[in-house]
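Chemist: Let me begin by handing over the structure; questions about it come next.
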Amino acid sequence: MDALDPFHGFQRTHYCTEISEADVGKEVQLVGWVHRRRDHGGVIFVDLRDRGGTVQAVFNPQHSPESHRKADTLRNEFVIGVKGVVLKRPEGMTNPKLKTGTVEVMADELAIFNRSKVLPFNLDEDLEVDEVLRLRYRYLDLRRPSMVANFLMRHKVSKITRDYFDVHGFYEIETPFLTRSTPEGARDYLVPSRVSAGSFYALPQSPQLLKQILMVAGLDRYFQIVRCFRDEDLRADRQPEFTQVDLEMSFVERDQLIEIVEAWIAQLFEQLLGKTLERPFASMSYAEAVEAYGVDNPDTRYGLKMKDLTDTVRESAFQVFRQVIEGGGVVKALRFPGGARLSRRELDNLDGMAKDWGAGGLIWAKCTAEGLQSPISKFLSEDIVGATIERMAAQEGDLLLMMAGAADEVNPWMGRLRAELAEAYDLIDPSEHAFTWILDFPLFERDKEGHITSMHHPFTAPQEEDLPLLDGNPEACRSLAYDLVLNGTEIGGGSIRIHQVDTQKKILSILGISEAEAEEKFGFLLDALSYGAPPHGGIAFGLDRLVMILAGAKSLREVIAFPKTQKASCLLTQSPGPVDAEQLRELHVRTVLPKKPASD
């Protein structure tokens with residue numbers, strides 16, 4: 001086996017996909033990996049790949065016997081350099097699928113800088129590879145052209161974002177990763193302090209309080225592309241560490257902030273996808289979203305909007321409806337155009353699915369020329385049938401799907417049913433991008449234990465006309481929060497903040513936070529608000545989610561270089577992992593492992 005060649009003195013002149021017919025006759029030097037090697041009757045063809053793509057190198061024994069001899073030893077993923085002259089490919093030998101498909105490089109010299117073991121999986125795009133393998137050998141997975149394209153997209157999103165906010169007067173300011181633990185809705189990742197025994201830093205869930213402090217400091221417009229950390233259960237669009245595009249503005253009202261954000265999003269889509277977005281984006285209140293779509297992040301690319309049939313069926317003889325309504329519940333329905341074609345088996349499957357979610361069941365009615373065909377038809381008078389058809393704007397061949405129960409249960413069940421129908425019956429145009437602002441959120445909500453909590457966070461400002469409600473009926477108070485939803489995914493959320501210290505203290509008091517606790521956890525913010533804090537507001541966007549959507553990826557793990565699994569572990573570095581006892585002693589920390597259950 002020949003010795004490996006030194007890289008010293010080899011000067012790359014082009015990336016592989018920069019070669020074109022304009023370079024025919026020129027000598028070039030290329031470096032990269034062997035993507036594929038083919039031996040055609042003595043002449044060896046190598047697809048040489050770098051981060052941009054591939055170009056074909058030709059090793060002809062008549063032209064360069066030595067480079068041909070060495071090329072015969074090449075295998076996939078060897079790292080090589082090729083020096084040669086660019087030629088136009090012979091007639092009939094072009095490859096229109098490749099950017100470099102009309103040219104090739106006739107090799108004069110070949111340098112082999114490194115060899116590769118046999119790969120644990122093939123890098124061809126058309127082959128399915130187990131994700132565990134992909135994450136374990138992430139450095140190989142990232143060589144695939146689709147993954148390179150994802151990270152080029154991510155780079156461009158970051159660059160466009162920085163340029164846009166710079167033009168609009170924002171300063172990019174970094175906030176610390178080692179900060180104080182504050183209650184923001186998810187578990188903190190804690191970092192023990194070596195120099196302050198028994199004390200801990202927290203990795204930030206967001207820079208929320210610090211960006212407000214920057215507004216108090218008079219910096220006026222801030223943004224940051226920042227890492228954030230949340231110790232919560234994972235899924236396809238969630239990671240324990242993620243990246244936000246974070247911004248805050250002083251002396252701003254909601255509509256001004258929304259206008260700036262829309263222009264930024266529109267620029268991303270224009271420059272990266274060549275798509276002009278219709279502006280202003282659609283908007284609806286939180287109440288409208290829940291009433292019509294069942295959720296506060298509706299996908300508006302398709303219809304299937306819900307309507308309330310409670311008053312329409314109140315006098316029906318169907319006992320389920322009567323009992324639910326008498327108990328303060330609701331009857332909600334959606335119209336599935338053309339859905340009367342569904343078989344009884346398909347309808348039974350939908351009913352079973354609803355019951356799996358916890359619903360009492362799903363009631364269906366097919367619209368026919370004679371009225372409604374349904375298992376409950378005999379309980380519905382002609383007047384109720386007519387009113388139902390009119391209320392739902394139903395036509396012959398449509399299917400009505402109904403649920404009855406408490407509003408806070410029926411709405412999300414129906415919202416889930418709506419999404420399942422759209423997916424199962426191809427009601428979604430995948431090329432469409434439907435943006436919707438959700439506005440006028442409640443300021444407070446109740447948790448599972450019945451305690452009053454902030455729907456967003458404790459620093460969200462109430463709507464000015466609702467301020468009197470804080471004293472007597474705080475749950476009726478609306479906030480100045482806003483979320484931007486794209487195709488059913490919340491991609492950004494923010495609010496106008498509380499800038500007056502008395503209002504902030506009152507909100508904390510409503511949340512059950514005592515003055516002493518407020519001072520301990522938020523004293524620095526309360527103090528800052530008492531020194532002439534300007535009106536201010538902001539918003540944060542999940543950069544990973546934005547890139548995932550723009551790249552057409554199915555998971556955040558496709559657009560994060562070194563992601564974690566659903567158990568928050570890194571298969572490449574085998575983290576988290578144990579540390580030695582001496583490190584723990586220095587940090588004044590002792591681990592107590594959970595006891596294993598006794599075996600039978």
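Note on naming: chains are A, B, ... as they come in the structure tokens, residues start from 1 per chain, ligands start from 1 in the order shown.
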Hey, could you make a per-residue contact list for region 458-496 of chain A against region 511-522 of chain A with 12 Å as the cut-off, showing the nearest pair of atoms and its distance in Å to one decimal, counting only C-alpha atoms, sorted by chain and number, as a Markdown table?
Modeler:
```
| residue | atom | partner | partner_atom | distance |
| --- | --- | --- | --- | --- |
| A:Pro458 | CA | A:Leu511 | CA | 8.2 |
| A:Phe459 | CA | A:Phe522 | CA | 10.6 |
| A:Leu470 | CA | A:Leu511 | CA | 11.3 |
| A:Pro474 | CA | A:Leu511 | CA | 10.2 |
| A:Glu475 | CA | A:Leu511 | CA | 11.1 |
```
Chemist: Write out as a list in words each polymer residue whose atoms come within 7 Å of Phe78 (chain A), counting only C-alpha atoms; drop sequence neighbours fewer than 5 positions from it.
Modeler: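 After dropping sequence-adjacent residues, the list is Trp33, Val34, Asn114, Arg115 and Ser116 of chain A.
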Chemist: Write out, as a tab-separated table (two decimals), in the first residue's frame, the residues just selected, with N, CA and C atoms.
Modeler:
```
chain	number	residue	atom	x	y	z
A	33	TRP	N	-13.72	14.31	-1.20
A	33	TRP	CA	-13.91	12.89	-0.89
A	33	TRP	C	-14.33	12.13	-2.14
A	34	VAL	N	-13.95	10.88	-2.20
A	34	VAL	CA	-14.41	10.01	-3.29
A	34	VAL	C	-15.86	9.62	-3.00
A	114	ASN	N	-5.86	10.76	2.79
A	114	ASN	CA	-6.31	9.88	3.87
A	114	ASN	C	-7.21	8.80	3.31
A	115	ARG	N	-7.25	7.67	4.03
A	115	ARG	CA	-8.12	6.55	3.63
A	115	ARG	C	-9.31	6.48	4.59
A	116	SER	N	-10.30	5.70	4.22
A	116	SER	CA	-11.49	5.54	5.05
A	116	SER	C	-11.81	4.07	5.24
```
Chemist: Tell me, in Å to one decimal, how far CA of Glu66 (chain A) is from CA of Leu119 (chain A).
Modeler: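 Going from CA of Glu66 (chain A) over to CA of Leu119 (chain A) covers 27.3 Å.
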Chemist: Mind dumping a table of every region 423-508 of chain A residue within 10 Å of region 263-277 of chain A, with the nearest atom pair and its distance in Å to one decimal, using only C-alpha atoms, sorted by chain and rising number, as CSV?
Modeler:
```
residue,atom,partner,partner_atom,distance
A:His433,CA,A:Leu277,CA,8.3
A:Ala434,CA,A:Leu277,CA,9.2
A:Phe435,CA,A:Leu277,CA,9.1
```
Chemist: Write the residues of the preceding selection, restricted to C-alpha atoms, as a CSV table (one decimal), in the first residue's frame.
Modeler:
```
chain,number,residue,atom,x,y,z
A,433,HIS,CA,-47.5,28.9,3.6
A,434,ALA,CA,-50.4,30.1,5.7
A,435,PHE,CA,-49.4,32.7,8.3
```
Chemist: Which parts of region 145-374 of chain A does DSSP call strand (DSSP E or B) when run on the backbone here, written out as JSON, numbers by chain?
Modeler: {"A": [171, 172, 179, 187, 189, 190, 191, 192, 200, 201, 202, 203, 221, 222, 223, 224, 225, 226, 227, 228, 229, 231, 235, 238, 241, 242, 243, 244, 245, 246, 247, 248, 249, 250, 282, 283, 284, 285, 306, 307, 308, 330, 331, 332, 333, 334, 335, 336, 363, 364, 365, 366, 367, 368, 371, 372, 373]}
Chemist: Taking into account only C-alpha atoms, which residue in the set A:Leu152, A:Gly338, A:Ile173, A:Arg136 is nearest to Met215 (chain A)?
Modeler: A:Ile173
